[in-house]
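Below is protein_39.txt, holding compact mmCIF, C-alpha atoms and all ligand atoms.
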```
# COMPACT_ATOMS: atom_id res chain seq x y z
CA MET A 125 89.11 90.18 111.05
CA LEU A 126 89.52 93.73 109.98
CA LEU A 127 92.21 95.43 108.01
CA ASP A 128 95.62 95.45 109.50
CA MET A 129 96.79 98.70 108.01
CA HIS A 130 100.34 98.12 109.13
CA ASP A 131 100.60 95.40 106.51
CA GLN A 132 99.23 97.63 103.82
CA ALA A 133 101.53 100.56 103.36
CA GLY A 134 100.33 102.10 100.12
CA ALA A 135 100.94 105.16 98.04
CA GLY A 136 100.04 108.63 99.24
CA GLU A 137 99.97 109.84 102.80
CA PRO A 138 98.03 107.17 104.66
CA ASP A 139 99.50 107.88 108.07
CA ASN A 140 96.51 109.67 109.56
CA PHE A 141 94.13 107.19 108.09
CA GLN A 142 96.18 104.27 109.34
CA ARG A 143 96.18 105.68 112.82
CA LEU A 144 92.43 105.99 112.71
CA TRP A 145 92.00 102.40 111.69
CA THR A 146 94.64 100.80 113.83
CA PRO A 147 93.28 97.51 115.05
CA HIS A 148 93.61 98.37 118.73
CA ARG A 149 90.83 100.89 118.21
CA MET A 150 88.56 98.27 116.77
CA ALA A 151 86.54 97.73 119.91
CA TYR A 152 83.22 97.32 118.23
CA ILE A 153 79.94 97.90 119.85
CA LYS A 154 76.75 96.41 118.66
CA GLY A 155 74.89 98.55 116.14
CA GLU A 156 71.26 98.94 117.08
CA ASN A 157 69.98 101.50 114.63
CA LYS A 158 70.52 99.78 111.34
CA PRO A 159 68.25 101.63 108.92
CA THR A 160 65.35 99.66 107.57
CA GLY A 161 63.07 102.47 106.37
CA SER A 162 61.66 102.20 102.89
CA GLY A 163 60.25 105.70 102.41
CA PRO A 164 60.17 109.20 103.86
CA GLU A 165 57.16 108.29 105.98
CA ASP A 166 58.93 105.17 107.18
CA GLY A 167 61.96 106.98 108.45
CA CYS A 168 64.19 106.63 105.41
CA PRO A 169 67.69 107.25 106.83
CA PHE A 170 68.90 108.93 103.66
CA ASP A 171 66.21 111.57 104.12
CA ALA A 172 67.04 112.02 107.80
CA ILE A 173 70.83 112.32 107.44
CA PRO A 174 70.89 115.70 105.63
CA LYS A 175 68.85 117.22 108.46
CA MET A 176 71.54 116.25 110.97
CA SER A 177 74.82 118.04 111.65
CA ASP A 178 77.76 116.83 109.59
CA GLU A 179 79.22 115.24 112.71
CA ASP A 180 76.09 113.40 113.79
CA GLY A 181 75.14 112.34 110.27
CA LEU A 182 78.73 111.46 109.28
CA VAL A 183 78.31 113.77 106.29
CA VAL A 184 81.59 114.38 104.47
CA ALA A 185 80.35 116.89 101.89
CA ARG A 186 77.09 118.50 100.80
CA GLY A 187 76.38 119.41 97.20
CA GLU A 188 73.43 121.08 95.51
CA VAL A 189 71.46 117.89 94.88
CA VAL A 190 73.57 115.08 96.37
CA TYR A 191 75.68 114.53 99.48
CA ALA A 192 78.54 112.24 100.50
CA VAL A 193 78.31 110.33 103.76
CA LEU A 194 80.25 107.64 105.57
CA ASN A 195 78.45 104.32 105.75
CA LEU A 196 77.56 103.55 109.36
CA TYR A 197 77.87 99.87 108.48
CA PRO A 198 81.00 99.87 106.33
CA TYR A 199 82.25 97.04 104.17
CA ASN A 200 85.72 98.46 104.59
CA SER A 201 87.36 101.39 106.35
CA GLY A 202 86.35 104.68 104.74
CA HIS A 203 83.31 103.26 102.93
CA LEU A 204 81.54 106.32 101.46
CA MET A 205 78.15 106.70 99.84
CA VAL A 206 76.93 109.41 97.49
CA VAL A 207 73.21 109.98 97.86
CA PRO A 208 70.71 112.29 96.13
CA TYR A 209 68.69 114.39 98.57
CA ARG A 210 65.58 113.41 96.63
CA HIS A 211 63.95 110.14 97.67
CA VAL A 212 64.22 108.16 94.43
CA SER A 213 64.76 104.44 93.98
CA ASP A 214 65.76 104.07 90.36
CA TYR A 215 68.78 105.41 88.53
CA ASP A 216 66.40 106.01 85.65
CA GLU A 217 64.55 108.59 87.77
CA LEU A 218 67.54 110.87 88.31
CA ASP A 219 67.44 114.18 86.50
CA GLY A 220 70.37 115.73 84.71
CA ALA A 221 71.64 117.75 87.65
CA GLU A 222 71.52 114.72 89.95
CA LEU A 223 73.30 112.51 87.42
CA CYS A 224 75.98 115.13 86.96
CA GLU A 225 76.66 115.81 90.62
CA LEU A 226 76.45 112.11 91.55
CA GLY A 227 79.27 111.52 89.10
CA GLU A 228 81.23 114.51 90.34
CA PHE A 229 80.87 113.48 93.97
CA THR A 230 81.87 109.92 93.16
CA GLN A 231 85.06 111.24 91.60
CA ARG A 232 85.74 113.53 94.55
CA SER A 233 85.14 110.63 96.94
CA VAL A 234 87.75 108.57 95.14
CA ARG A 235 90.17 111.48 95.25
CA ALA A 236 89.59 112.19 98.93
CA LEU A 237 89.94 108.55 99.92
CA ARG A 238 93.08 108.11 97.84
CA ALA A 239 94.64 111.24 99.37
CA ALA A 240 93.58 110.46 102.94
CA SER A 241 94.09 106.73 103.03
CA GLY A 242 96.41 105.76 100.21
CA ALA A 243 93.71 103.47 98.84
CA GLN A 244 95.07 101.39 95.97
CA GLY A 245 91.76 100.50 94.39
CA PHE A 246 88.03 101.00 94.73
CA ASN A 247 84.76 99.20 94.36
CA VAL A 248 82.26 101.72 93.02
CA GLY A 249 78.65 101.04 92.25
CA MET A 250 74.99 100.80 93.09
CA ASN A 251 72.68 98.00 94.02
CA LEU A 252 69.33 98.86 92.44
CA GLY A 253 66.45 96.92 93.96
CA HIS A 254 66.26 94.37 96.74
CA VAL A 255 66.97 91.52 94.32
CA ALA A 256 70.27 93.22 93.50
CA GLY A 257 71.23 93.41 97.14
CA ALA A 258 70.21 96.94 98.04
CA GLY A 259 69.87 97.37 101.78
CA ILE A 260 67.70 100.46 101.36
CA ALA A 261 66.24 99.94 97.92
CA ALA A 262 63.80 102.85 98.12
CA HIS A 263 66.54 105.48 98.05
CA LEU A 264 69.38 104.86 95.66
CA HIS A 265 72.96 105.41 96.76
CA GLN A 266 76.35 104.98 95.13
CA HIS A 267 78.93 103.04 97.14
CA ILE A 268 82.60 103.98 97.07
CA VAL A 269 84.62 101.33 98.92
CA PRO A 270 88.38 101.83 99.15
CA ARG A 271 90.57 98.74 98.76
CA TRP A 272 94.14 97.96 99.65
CA GLY A 273 96.32 95.11 98.53
CA GLY A 274 96.11 92.44 101.19
CA ASP A 275 92.73 93.44 102.53
CA THR A 276 91.43 89.96 101.92
CA ASN A 277 90.63 90.06 105.59
CA PHE A 278 87.67 92.02 104.33
CA MET A 279 85.23 92.98 107.02
CA PRO A 280 82.91 90.01 107.37
CA VAL A 281 79.23 90.47 106.69
CA VAL A 282 78.43 90.03 110.35
CA ALA A 283 80.59 93.04 111.17
CA GLN A 284 78.26 95.29 109.21
CA THR A 285 76.15 95.56 112.33
CA LYS A 286 79.07 96.59 114.51
CA VAL A 287 80.58 100.03 114.49
CA LEU A 288 82.74 102.25 116.60
CA PRO A 289 81.13 105.70 116.53
CA GLN A 290 84.25 107.63 117.49
CA LEU A 291 86.27 105.92 114.79
CA LEU A 292 83.68 106.91 112.22
CA ARG A 293 83.59 110.48 113.56
CA ASP A 294 87.36 110.81 113.26
CA THR A 295 87.30 109.34 109.77
CA ARG A 296 84.53 111.73 108.74
CA GLN A 297 86.57 114.71 109.94
CA LEU A 298 89.67 113.57 108.08
CA LEU A 299 87.78 112.96 104.83
CA ALA A 300 85.86 116.24 105.11
CA ASP A 301 89.14 118.12 105.57
CA THR A 302 90.73 116.26 102.67
CA TRP A 303 87.69 116.90 100.47
CA ARG A 304 88.20 120.66 100.80
ZN ZN B 1 64.78 108.46 101.18
```
Render the structure in this file as structure tokens.
Ligand SMILES: [Zn+2]
Amino acid sequence: MLLDMHDQAGAGEPDNFQRLWTPHRMAYIKGENKPTGSGPEDGCPFDAIPKMSDEDGLVVARGEVVYAVLNLYPYNSGHLMVVPYRHVSDYDELDGAELCELGEFTQRSVRALRAASGAQGFNVGMNLGHVAGAGIAAHLHQHIVPRWGGDTNFMPVVAQTKVLPQLLRDTRQLLADTWR
């Protein structure tokens, strides 16, 4: 099952975040729009998201060359991704500005999540290529997954296809406010 935030009082001011992720709100619906696109012509979701409103796209922050967005299929509550606007698959293809802002946005994601949720640790990284586990290998993205002690009831893989849109919208608003 999902996180029981009441068992995971951490540092910081997690109250708002805990309210958002209280288990009674975890009435999941079945996700039906899991992105499978492999290129701009194939409906790559990471190219479509920046064209949406922040609310609809779950965008937390927009930079010059990268943006931060909530994962619609989170591994854990508050799972963020930092994504270059440019459709590139390999870390080796990033230019200097993209490398720089990707790093900056990763740091700001950690800060925002720590401040908003009292996260005690993070898994940060990229899966490059299908063989490495990338869901959308054609467009690289950095994962920032907050962790709390006791969250061994980690969201099961099957739950990746189930989301609660309103919960994600509320979380996006909180993180966007915290980011600023
Ligand atoms: Zn793309």
Within 8 Å of ligand ZN 1 (chain B), which residues of chain A show up? Give each one with its shortest atom-to-atom distance in Å (one decimal) and the two atoms involved, counting only C-alpha atoms and all ligand atoms, rows by chain then rising residue number, as CSV.
```
residue,atom,partner,partner_atom,distance
A:Ser162,CA,B:ZN1,ZN,7.2
A:Gly163,CA,B:ZN1,ZN,5.4
A:Pro164,CA,B:ZN1,ZN,5.4
A:Gly167,CA,B:ZN1,ZN,7.9
A:Cys168,CA,B:ZN1,ZN,4.6
A:Pro169,CA,B:ZN1,ZN,6.5
A:Phe170,CA,B:ZN1,ZN,4.8
A:Asp171,CA,B:ZN1,ZN,4.5
A:Ala172,CA,B:ZN1,ZN,7.8
A:Tyr209,CA,B:ZN1,ZN,7.6
A:Arg210,CA,B:ZN1,ZN,6.8
A:His211,CA,B:ZN1,ZN,4.0
A:Val212,CA,B:ZN1,ZN,6.8
A:Ala262,CA,B:ZN1,ZN,6.5
A:His263,CA,B:ZN1,ZN,4.7
```
Would you list the contacts of Arg271 (chain A) as a short mmCIF file (atom, residue, chain, number, x, y, z; two decimals) with C-alpha atoms, keeping the file's coordinate frame, taking every protein, DNA or RNA residue within 8 Å and counting all atoms listed in the file, but skipping same-chain residues closer than 6 positions in sequence?
```cif
data_model
loop_
_atom_site.label_atom_id
_atom_site.label_comp_id
_atom_site.auth_asym_id
_atom_site.auth_seq_id
_atom_site.Cartn_x
_atom_site.Cartn_y
_atom_site.Cartn_z
CA ASN A 200 85.72 98.46 104.59
CA ALA A 243 93.71 103.47 98.84
CA GLN A 244 95.07 101.39 95.97
CA GLY A 245 91.76 100.50 94.39
CA PHE A 246 88.03 101.00 94.73
CA ASN A 247 84.76 99.20 94.36
#
```
Find the residues around His203 (chain A) up to 12 Å (only C-alpha atoms counted), leave out those fewer than 5 positions away in its own chain, and share them as a PDB file with C-alpha atoms, keeping the file's coordinate frame.
```
ATOM      1  CA  LEU A 182      78.730 111.460 109.280  1.00  0.00           C
ATOM      2  CA  VAL A 184      81.590 114.380 104.470  1.00  0.00           C
ATOM      3  CA  ALA A 192      78.540 112.240 100.500  1.00  0.00           C
ATOM      4  CA  VAL A 193      78.310 110.330 103.760  1.00  0.00           C
ATOM      5  CA  LEU A 194      80.250 107.640 105.570  1.00  0.00           C
ATOM      6  CA  ASN A 195      78.450 104.320 105.750  1.00  0.00           C
ATOM      7  CA  LEU A 196      77.560 103.550 109.360  1.00  0.00           C
ATOM      8  CA  TYR A 197      77.870  99.870 108.480  1.00  0.00           C
ATOM      9  CA  PRO A 198      81.000  99.870 106.330  1.00  0.00           C
ATOM     10  CA  THR A 230      81.870 109.920  93.160  1.00  0.00           C
ATOM     11  CA  SER A 233      85.140 110.630  96.940  1.00  0.00           C
ATOM     12  CA  VAL A 234      87.750 108.570  95.140  1.00  0.00           C
ATOM     13  CA  ALA A 236      89.590 112.190  98.930  1.00  0.00           C
ATOM     14  CA  LEU A 237      89.940 108.550  99.920  1.00  0.00           C
ATOM     15  CA  SER A 241      94.090 106.730 103.030  1.00  0.00           C
ATOM     16  CA  ALA A 243      93.710 103.470  98.840  1.00  0.00           C
ATOM     17  CA  PHE A 246      88.030 101.000  94.730  1.00  0.00           C
ATOM     18  CA  ASN A 247      84.760  99.200  94.360  1.00  0.00           C
ATOM     19  CA  VAL A 248      82.260 101.720  93.020  1.00  0.00           C
ATOM     20  CA  GLY A 249      78.650 101.040  92.250  1.00  0.00           C
ATOM     21  CA  GLN A 266      76.350 104.980  95.130  1.00  0.00           C
ATOM     22  CA  HIS A 267      78.930 103.040  97.140  1.00  0.00           C
ATOM     23  CA  ILE A 268      82.600 103.980  97.070  1.00  0.00           C
ATOM     24  CA  VAL A 269      84.620 101.330  98.920  1.00  0.00           C
ATOM     25  CA  PRO A 270      88.380 101.830  99.150  1.00  0.00           C
ATOM     26  CA  ARG A 271      90.570  98.740  98.760  1.00  0.00           C
ATOM     27  CA  MET A 279      85.230  92.980 107.020  1.00  0.00           C
ATOM     28  CA  GLN A 284      78.260  95.290 109.210  1.00  0.00           C
ATOM     29  CA  LEU A 292      83.680 106.910 112.220  1.00  0.00           C
ATOM     30  CA  THR A 295      87.300 109.340 109.770  1.00  0.00           C
ATOM     31  CA  ARG A 296      84.530 111.730 108.740  1.00  0.00           C
ATOM     32  CA  LEU A 299      87.780 112.960 104.830  1.00  0.00           C
TER      33      LEU A 299
END
```
Atomic separation - CA of Arg293 (chain A) relative to CA of Glu179 (chain A), Å: 6.5 Å
Distance criterion (only C-alpha atoms): nearest to Arg186 (chain A) out of A:Ala300, A:Met250, A:Val255, A:Ile260: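 Once distances to Arg186 (chain A) are computed over only C-alpha atoms, the minimum belongs to A:Ala300.
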d(CA of Met176 (chain A), CA of Tyr191 (chain A)) in Å: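 CA of Met176 (chain A) sits 12.3 Å away from CA of Tyr191 (chain A).
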Coordinates-based distance that separates CA of Val207 (chain A) from CA of Val190 (chain A) (Å, one decimal): 5.3 Å
Padding 6 Å on each side, edges along x, y and z: where is the centre of the box around the listed atoms of region 207-216 of chain A, and how long are its edges in Å to one decimal? Output it as JSON.
```
{"center_x": 68.6, "center_y": 109.2, "center_z": 92.1, "size_x": 21.3, "size_y": 22.3, "size_z": 24.9}
```
